[in-house]
Amino acid sequence: MITVTTQNAVMTELRIVALVFTFLVSCQAARSQTIFSDDRPRLLLDSQVGSETALGYKFPSLSVGPSFEIPIKNRFELQAGASYSPDKKLITNDGRVVDVTASAVGFVNQRIGFTAGVERGWLWTSEFDKKALFPSAGIVLRNDYFGPGRFYLSYVLPTGRAWATTNDPLTLQSNRLQGITIRQETRSRSHMRWGVESGLYRFCDEGNPNDPQASRRCHLGISALATFSFEFHLGSKSRFSAPGAIDTDDF
């Protein structure tokens, strides 16, 4: 009887160990599946609508254009894009803008990353043409407030010249725009994204570039935009997308 009881106890313990082992293996498999990601490049057709009247543009502000996202090794991502905007300047009542952007994102874990980028913009009006460079750096946080999403917080650094010199004349001064940009981007279904973007910027009006002693009037301005994008995955899925994986996309 003792022998039978002992054997039953041993078998029960073995069953428990087997169940625990199976559970741990399942958990580990599920955990491993979450790090598998779809590393296909993503093409997006972007659009924005909102207000940038505080930055000198007539309402509403509109822009459209393509962009690319290229994931690299689960932890890095390259981004590039271009946009066209028929926005009119308030002072000329006409104008058009073209922007080209490039940035890189590096994630330290599954949630937190750092980003750095640069934007080149060209403005044409009936009275003047202008171009500017906008470097920026910040952080990006993955979230799931309304679905898979990302929150970007970045600081735009001022560039450009404000004053002319004897050997280097200057016709138009740089606005020396700088400030904080925040953007929340959310994916709805597999091929649609929506979000909001807002910025608080400091910039200066045009003055006399030949008189460094003269002061320029500077302002704070707020922009507010809604963003909509259609997303397309390019190519076929790679080894990173395992069958039944919990998360097969590193967005």
# chains A, B, ... in the order shown; residues from 1 in each chain; ligands from 1

call {"tool": "residues_around", "arguments": {"residues": "region 141-155 of chain A", "least_positions_apart": "6", "cutoff": "9 Å", "atoms": "only C-alpha atoms", "output": "CSV table (one decimal) with all heavy atoms, in the first residue's frame"}}
result
chain,number,residue,atom,x,y,z
A,107,PHE,N,15.5,52.1,-30.7
A,107,PHE,CA,14.8,51.7,-29.5
A,107,PHE,C,15.7,51.1,-28.5
A,107,PHE,O,16.5,50.2,-28.9
A,107,PHE,CB,13.6,50.8,-29.9
A,107,PHE,CG,12.5,51.5,-30.6
A,107,PHE,CD1,12.4,51.5,-31.9
A,107,PHE,CD2,11.5,52.1,-29.8
A,107,PHE,CE1,11.3,52.1,-32.6
A,107,PHE,CE2,10.4,52.7,-30.5
A,107,PHE,CZ,10.3,52.7,-31.9
A,110,GLN,N,11.4,47.6,-26.0
A,110,GLN,CA,10.2,47.5,-26.8
A,110,GLN,C,9.3,48.7,-26.7
A,110,GLN,O,8.4,48.9,-27.6
A,110,GLN,CB,9.4,46.3,-26.4
A,110,GLN,CG,10.0,44.9,-26.7
A,110,GLN,CD,10.1,44.7,-28.2
A,110,GLN,OE1,9.2,45.1,-29.0
A,110,GLN,NE2,11.2,44.1,-28.7
A,111,ARG,N,9.6,49.6,-25.8
A,111,ARG,CA,8.7,50.7,-25.6
A,111,ARG,C,9.4,52.1,-25.8
A,111,ARG,O,8.7,53.0,-26.3
A,111,ARG,CB,8.2,50.7,-24.1
A,111,ARG,CG,7.2,49.6,-23.9
A,111,ARG,CD,5.8,49.9,-24.5
A,111,ARG,NE,4.8,48.9,-24.2
A,111,ARG,CZ,3.6,48.9,-24.6
A,111,ARG,NH1,3.2,49.9,-25.4
A,111,ARG,NH2,2.7,48.0,-24.3
A,112,ILE,N,10.6,52.2,-25.5
A,112,ILE,CA,11.3,53.6,-25.5
A,112,ILE,C,12.3,53.7,-26.5
A,112,ILE,O,13.1,52.7,-26.7
A,112,ILE,CB,11.8,53.9,-24.1
A,112,ILE,CG1,10.8,53.8,-23.0
A,112,ILE,CG2,12.5,55.2,-24.0
A,112,ILE,CD1,11.3,53.9,-21.6
A,113,GLY,N,12.4,54.8,-27.2
A,113,GLY,CA,13.4,55.0,-28.2
A,113,GLY,C,13.8,56.5,-28.3
A,113,GLY,O,13.2,57.3,-27.7
A,114,PHE,N,14.8,56.7,-29.1
A,114,PHE,CA,15.3,58.1,-29.3
A,114,PHE,C,15.3,58.3,-30.8
A,114,PHE,O,15.5,57.4,-31.6
A,114,PHE,CB,16.7,58.2,-28.8
A,114,PHE,CG,16.8,58.1,-27.3
A,114,PHE,CD1,17.2,56.9,-26.7
A,114,PHE,CD2,16.6,59.2,-26.5
A,114,PHE,CE1,17.2,56.8,-25.3
A,114,PHE,CE2,16.7,59.1,-25.1
A,114,PHE,CZ,17.0,57.9,-24.5
A,115,THR,N,15.1,59.6,-31.2
A,115,THR,CA,15.0,59.9,-32.6
A,115,THR,C,15.7,61.2,-32.9
A,115,THR,O,15.8,62.1,-32.0
A,115,THR,CB,13.5,60.1,-33.0
A,115,THR,OG1,13.4,60.4,-34.4
A,115,THR,CG2,12.8,61.1,-32.2
A,116,ALA,N,16.3,61.3,-34.1
A,116,ALA,CA,17.0,62.5,-34.5
A,116,ALA,C,16.7,62.6,-36.0
A,116,ALA,O,16.6,61.6,-36.7
A,116,ALA,CB,18.5,62.4,-34.3
A,135,PRO,N,16.7,71.0,-37.9
A,135,PRO,CA,17.1,69.7,-37.2
A,135,PRO,C,16.4,69.6,-35.9
A,135,PRO,O,15.9,70.5,-35.3
A,135,PRO,CB,18.6,70.0,-37.0
A,135,PRO,CG,18.7,71.5,-36.9
A,135,PRO,CD,17.7,72.0,-37.8
A,178,GLN,N,12.4,77.7,-33.3
A,178,GLN,CA,12.8,76.6,-32.4
A,178,GLN,C,11.6,76.3,-31.5
A,178,GLN,O,10.8,77.2,-31.3
A,178,GLN,CB,14.0,77.0,-31.6
A,178,GLN,CG,13.8,78.2,-30.7
A,178,GLN,CD,15.1,78.5,-29.9
A,178,GLN,OE1,15.6,77.7,-29.2
A,178,GLN,NE2,15.5,79.8,-30.0
A,179,GLY,N,11.6,75.1,-31.0
A,179,GLY,CA,10.5,74.8,-30.0
A,179,GLY,C,10.2,73.3,-30.0
A,179,GLY,O,11.0,72.5,-30.5
A,180,ILE,N,9.1,73.0,-29.3
A,180,ILE,CA,8.7,71.6,-29.0
A,180,ILE,C,7.6,71.1,-30.0
A,180,ILE,O,6.7,71.9,-30.2
A,180,ILE,CB,8.2,71.5,-27.6
A,180,ILE,CG1,9.4,71.8,-26.6
A,180,ILE,CG2,7.7,70.1,-27.3
A,180,ILE,CD1,8.9,71.9,-25.1
A,181,THR,N,7.8,70.0,-30.5
A,181,THR,CA,6.8,69.3,-31.3
A,181,THR,C,6.3,68.0,-30.7
A,181,THR,O,7.2,67.2,-30.3
A,181,THR,CB,7.3,69.0,-32.7
A,181,THR,OG1,7.7,70.2,-33.3
A,181,THR,CG2,6.2,68.4,-33.6
A,182,ILE,N,5.0,67.8,-30.5
A,182,ILE,CA,4.5,66.5,-30.0
A,182,ILE,C,3.6,65.9,-31.1
A,182,ILE,O,2.9,66.6,-31.8
A,182,ILE,CB,3.8,66.7,-28.7
A,182,ILE,CG1,2.6,67.6,-28.8
A,182,ILE,CG2,4.7,67.2,-27.6
A,182,ILE,CD1,1.7,67.7,-27.6
A,183,ARG,N,3.6,64.6,-31.2
A,183,ARG,CA,2.8,63.9,-32.2
A,183,ARG,C,2.4,62.5,-31.6
A,183,ARG,O,3.3,61.8,-31.1
A,183,ARG,CB,3.6,63.7,-33.5
A,183,ARG,CG,2.7,63.1,-34.6
A,183,ARG,CD,3.4,63.2,-35.9
A,183,ARG,NE,4.2,62.0,-36.2
A,183,ARG,CZ,5.5,61.9,-36.3
A,183,ARG,NH1,6.3,63.0,-36.1
A,183,ARG,NH2,6.1,60.8,-36.6
A,184,GLN,N,1.1,62.2,-31.7
A,184,GLN,CA,0.6,60.9,-31.4
A,184,GLN,C,0.1,60.3,-32.7
A,184,GLN,O,-0.7,60.9,-33.4
A,184,GLN,CB,-0.5,61.0,-30.4
A,184,GLN,CG,-1.2,59.7,-30.1
A,184,GLN,CD,-0.4,58.6,-29.5
A,184,GLN,OE1,0.5,58.9,-28.7
A,184,GLN,NE2,-0.6,57.3,-30.0
A,185,GLU,N,0.6,59.1,-33.0
A,185,GLU,CA,0.2,58.4,-34.2
A,185,GLU,C,-0.4,57.0,-33.8
A,185,GLU,O,0.2,56.3,-33.0
A,185,GLU,CB,1.4,58.2,-35.0
A,185,GLU,CG,1.2,58.0,-36.5
A,185,GLU,CD,2.5,57.9,-37.3
A,185,GLU,OE1,3.5,57.7,-36.7
A,185,GLU,OE2,2.4,58.2,-38.5
A,186,THR,N,-1.5,56.7,-34.3
A,186,THR,CA,-2.2,55.4,-34.0
A,186,THR,C,-2.6,54.7,-35.3
A,186,THR,O,-3.1,55.3,-36.2
A,186,THR,CB,-3.4,55.7,-33.1
A,186,THR,OG1,-3.1,56.4,-32.0
A,186,THR,CG2,-4.1,54.4,-32.8
A,187,ARG,N,-2.4,53.4,-35.2
A,187,ARG,CA,-2.8,52.6,-36.4
A,187,ARG,C,-4.2,52.0,-36.1
A,187,ARG,O,-4.4,51.4,-35.0
A,187,ARG,CB,-1.8,51.4,-36.6
A,187,ARG,CG,-2.3,50.4,-37.7
A,187,ARG,CD,-1.3,49.3,-37.8
A,187,ARG,NE,-0.1,49.6,-38.5
A,187,ARG,CZ,1.0,48.9,-38.4
A,187,ARG,NH1,1.1,47.9,-37.6
A,187,ARG,NH2,2.1,49.2,-39.1
A,188,SER,N,-5.1,52.2,-37.1
A,188,SER,CA,-6.4,51.5,-37.0
A,188,SER,C,-6.4,50.5,-38.2
A,188,SER,O,-6.3,50.9,-39.3
A,188,SER,CB,-7.5,52.6,-37.2
A,188,SER,OG,-7.5,53.5,-36.1
A,189,ARG,N,-6.7,49.3,-37.8
A,189,ARG,CA,-6.6,48.2,-38.8
A,189,ARG,C,-5.1,48.1,-39.3
A,189,ARG,O,-4.2,48.6,-38.7
A,189,ARG,CB,-7.6,48.4,-39.9
A,189,ARG,CG,-9.0,48.5,-39.4
A,189,ARG,CD,-10.1,48.6,-40.5
A,189,ARG,NE,-11.4,48.7,-39.9
A,189,ARG,CZ,-12.5,48.9,-40.6
A,189,ARG,NH1,-12.4,49.0,-41.9
A,189,ARG,NH2,-13.7,48.9,-40.0
A,193,ARG,N,-3.6,54.9,-40.6
A,193,ARG,CA,-3.1,55.6,-39.4
A,193,ARG,C,-3.8,57.0,-39.3
A,193,ARG,O,-4.1,57.6,-40.3
A,193,ARG,CB,-1.6,55.8,-39.4
A,193,ARG,CG,-0.8,54.5,-39.5
A,193,ARG,CD,0.7,54.8,-39.3
A,193,ARG,NE,1.5,53.7,-39.7
A,193,ARG,CZ,2.9,53.8,-39.6
A,193,ARG,NH1,3.5,54.9,-39.3
A,193,ARG,NH2,3.6,52.8,-40.0
A,251,PHE,N,5.8,48.4,-35.5
A,251,PHE,CA,5.4,49.8,-35.4
A,251,PHE,C,5.3,50.3,-34.0
A,251,PHE,O,4.8,49.5,-33.1
A,251,PHE,CB,4.0,49.9,-36.1
A,251,PHE,CG,3.4,51.3,-36.0
A,251,PHE,CD1,4.0,52.4,-36.6
A,251,PHE,CD2,2.3,51.5,-35.2
A,251,PHE,CE1,3.4,53.6,-36.4
A,251,PHE,CE2,1.7,52.7,-35.0
A,251,PHE,CZ,2.3,53.8,-35.6

call {"tool": "residues_around", "arguments": {"residues": "Ile70 (chain A)", "least_positions_apart": "5", "cutoff": "12 Å", "atoms": "only C-alpha atoms", "output": "PDB file with N, CA and C atoms, in the first residue's frame"}}
result
ATOM      1  N   ASP A  38       7.678  42.360 -38.162  1.00  0.00           N
ATOM      2  CA  ASP A  38       7.606  42.423 -39.610  1.00  0.00           C
ATOM      3  C   ASP A  38       8.590  43.493 -40.065  1.00  0.00           C
ATOM      4  N   ASP A  39       9.684  43.072 -40.708  1.00  0.00           N
ATOM      5  CA  ASP A  39      10.717  44.028 -41.067  1.00  0.00           C
ATOM      6  C   ASP A  39      10.594  44.535 -42.500  1.00  0.00           C
ATOM      7  N   ARG A  40       9.414  44.388 -43.098  1.00  0.00           N
ATOM      8  CA  ARG A  40       9.212  44.919 -44.447  1.00  0.00           C
ATOM      9  C   ARG A  40       9.174  46.446 -44.416  1.00  0.00           C
ATOM     10  N   PRO A  41       9.725  47.104 -45.430  1.00  0.00           N
ATOM     11  CA  PRO A  41       9.577  48.560 -45.531  1.00  0.00           C
ATOM     12  C   PRO A  41       8.102  48.932 -45.648  1.00  0.00           C
ATOM     13  N   ARG A  42       7.777  50.114 -45.141  1.00  0.00           N
ATOM     14  CA  ARG A  42       6.401  50.585 -45.180  1.00  0.00           C
ATOM     15  C   ARG A  42       6.315  51.884 -45.980  1.00  0.00           C
ATOM     16  N   LEU A  43       5.407  51.904 -46.943  1.00  0.00           N
ATOM     17  CA  LEU A  43       5.121  53.107 -47.716  1.00  0.00           C
ATOM     18  C   LEU A  43       3.842  53.728 -47.177  1.00  0.00           C
ATOM     19  N   LEU A  44       3.886  55.027 -46.919  1.00  0.00           N
ATOM     20  CA  LEU A  44       2.717  55.723 -46.414  1.00  0.00           C
ATOM     21  C   LEU A  44       2.360  56.891 -47.331  1.00  0.00           C
ATOM     22  N   ARG A  75      15.437  47.033 -33.705  1.00  0.00           N
ATOM     23  CA  ARG A  75      15.719  48.135 -32.785  1.00  0.00           C
ATOM     24  C   ARG A  75      15.909  49.474 -33.491  1.00  0.00           C
ATOM     25  N   PHE A  76      16.047  49.468 -34.799  1.00  0.00           N
ATOM     26  CA  PHE A  76      16.322  50.702 -35.519  1.00  0.00           C
ATOM     27  C   PHE A  76      15.322  50.890 -36.652  1.00  0.00           C
ATOM     28  N   GLU A  77      15.159  52.136 -37.031  1.00  0.00           N
ATOM     29  CA  GLU A  77      14.248  52.443 -38.123  1.00  0.00           C
ATOM     30  C   GLU A  77      14.695  53.723 -38.814  1.00  0.00           C
ATOM     31  N   LEU A  78      14.701  53.694 -40.135  1.00  0.00           N
ATOM     32  CA  LEU A  78      14.984  54.877 -40.941  1.00  0.00           C
ATOM     33  C   LEU A  78      13.674  55.388 -41.520  1.00  0.00           C
ATOM     34  N   GLN A  79      13.503  56.700 -41.493  1.00  0.00           N
ATOM     35  CA  GLN A  79      12.291  57.315 -42.005  1.00  0.00           C
ATOM     36  C   GLN A  79      12.657  58.424 -42.986  1.00  0.00           C
ATOM     37  N   ALA A  80      11.889  58.564 -44.040  1.00  0.00           N
ATOM     38  CA  ALA A  80      12.105  59.633 -45.015  1.00  0.00           C
ATOM     39  C   ALA A  80      10.767  59.986 -45.633  1.00  0.00           C
ATOM     40  N   GLY A  81      10.618  61.247 -46.029  1.00  0.00           N
ATOM     41  CA  GLY A  81       9.349  61.649 -46.611  1.00  0.00           C
ATOM     42  C   GLY A  81       9.442  62.984 -47.315  1.00  0.00           C
ATOM     43  N   ALA A 102      14.089  63.564 -43.180  1.00  0.00           N
ATOM     44  CA  ALA A 102      14.816  62.311 -42.966  1.00  0.00           C
ATOM     45  C   ALA A 102      15.085  62.183 -41.472  1.00  0.00           C
ATOM     46  N   SER A 103      14.924  60.985 -40.935  1.00  0.00           N
ATOM     47  CA  SER A 103      15.144  60.770 -39.506  1.00  0.00           C
ATOM     48  C   SER A 103      15.512  59.328 -39.243  1.00  0.00           C
ATOM     49  N   ALA A 104      16.033  59.102 -38.048  1.00  0.00           N
ATOM     50  CA  ALA A 104      16.395  57.763 -37.603  1.00  0.00           C
ATOM     51  C   ALA A 104      15.861  57.562 -36.189  1.00  0.00           C
ATOM     52  N   VAL A 105      15.406  56.343 -35.907  1.00  0.00           N
ATOM     53  CA  VAL A 105      14.873  55.990 -34.595  1.00  0.00           C
ATOM     54  C   VAL A 105      15.640  54.787 -34.066  1.00  0.00           C
ATOM     55  N   GLY A 106      16.040  54.848 -32.805  1.00  0.00           N
ATOM     56  CA  GLY A 106      16.685  53.719 -32.153  1.00  0.00           C
ATOM     57  C   GLY A 106      15.964  53.400 -30.858  1.00  0.00           C
ATOM     58  N   HIS A 233       2.595  47.720 -46.919  1.00  0.00           N
ATOM     59  CA  HIS A 233       3.802  46.951 -46.652  1.00  0.00           C
ATOM     60  C   HIS A 233       4.388  46.486 -47.979  1.00  0.00           C
ATOM     61  N   LEU A 234       5.682  46.706 -48.148  1.00  0.00           N
ATOM     62  CA  LEU A 234       6.355  46.374 -49.394  1.00  0.00           C
ATOM     63  C   LEU A 234       7.100  45.052 -49.263  1.00  0.00           C
ATOM     64  N   GLY A 235       6.939  44.154 -50.219  1.00  0.00           N
ATOM     65  CA  GLY A 235       7.644  42.883 -50.183  1.00  0.00           C
ATOM     66  C   GLY A 235       6.881  41.834 -49.396  1.00  0.00           C
ATOM     67  N   ASP A 250       6.641  45.809 -35.877  1.00  0.00           N
ATOM     68  CA  ASP A 250       7.392  46.604 -34.901  1.00  0.00           C
ATOM     69  C   ASP A 250       7.003  48.069 -34.935  1.00  0.00           C
ATOM     70  N   PHE A 251       5.830  48.405 -35.459  1.00  0.00           N
ATOM     71  CA  PHE A 251       5.358  49.802 -35.426  1.00  0.00           C
ATOM     72  C   PHE A 251       5.257  50.269 -33.986  1.00  0.00           C
TER      73      PHE A 251
END

call {"tool": "select_by_dssp", "arguments": {"residues": "region 105-142 of chain A", "states": "strand (DSSP E)", "output": "ChimeraX atom specification"}}
result
/A:105-107,112-124,129-142

call {"tool": "closest_residue", "arguments": {"among": "A:Met192, A:Leu90, A:Trp163, A:Pro169", "to": "Glu231 (chain A)", "atoms": "only C-alpha atoms"}}
result
A:Met192

call {"tool": "atom_distance", "arguments": {"atom1": "CA of Leu157 (chain A)", "atom2": "CA of Asp211 (chain A)"}}
result
24.2 Å

call {"tool": "atom_distance", "arguments": {"atom1": "CA of Ser85 (chain A)", "atom2": "CA of Leu220 (chain A)"}}
result
22.5 Å

call {"tool": "select_by_dssp", "arguments": {"residues": "region 3-248 of chain A", "states": "helix (DSSP H, G or I)", "output": "PyMOL selection string"}}
result
chain A and resi 3-35+53-55
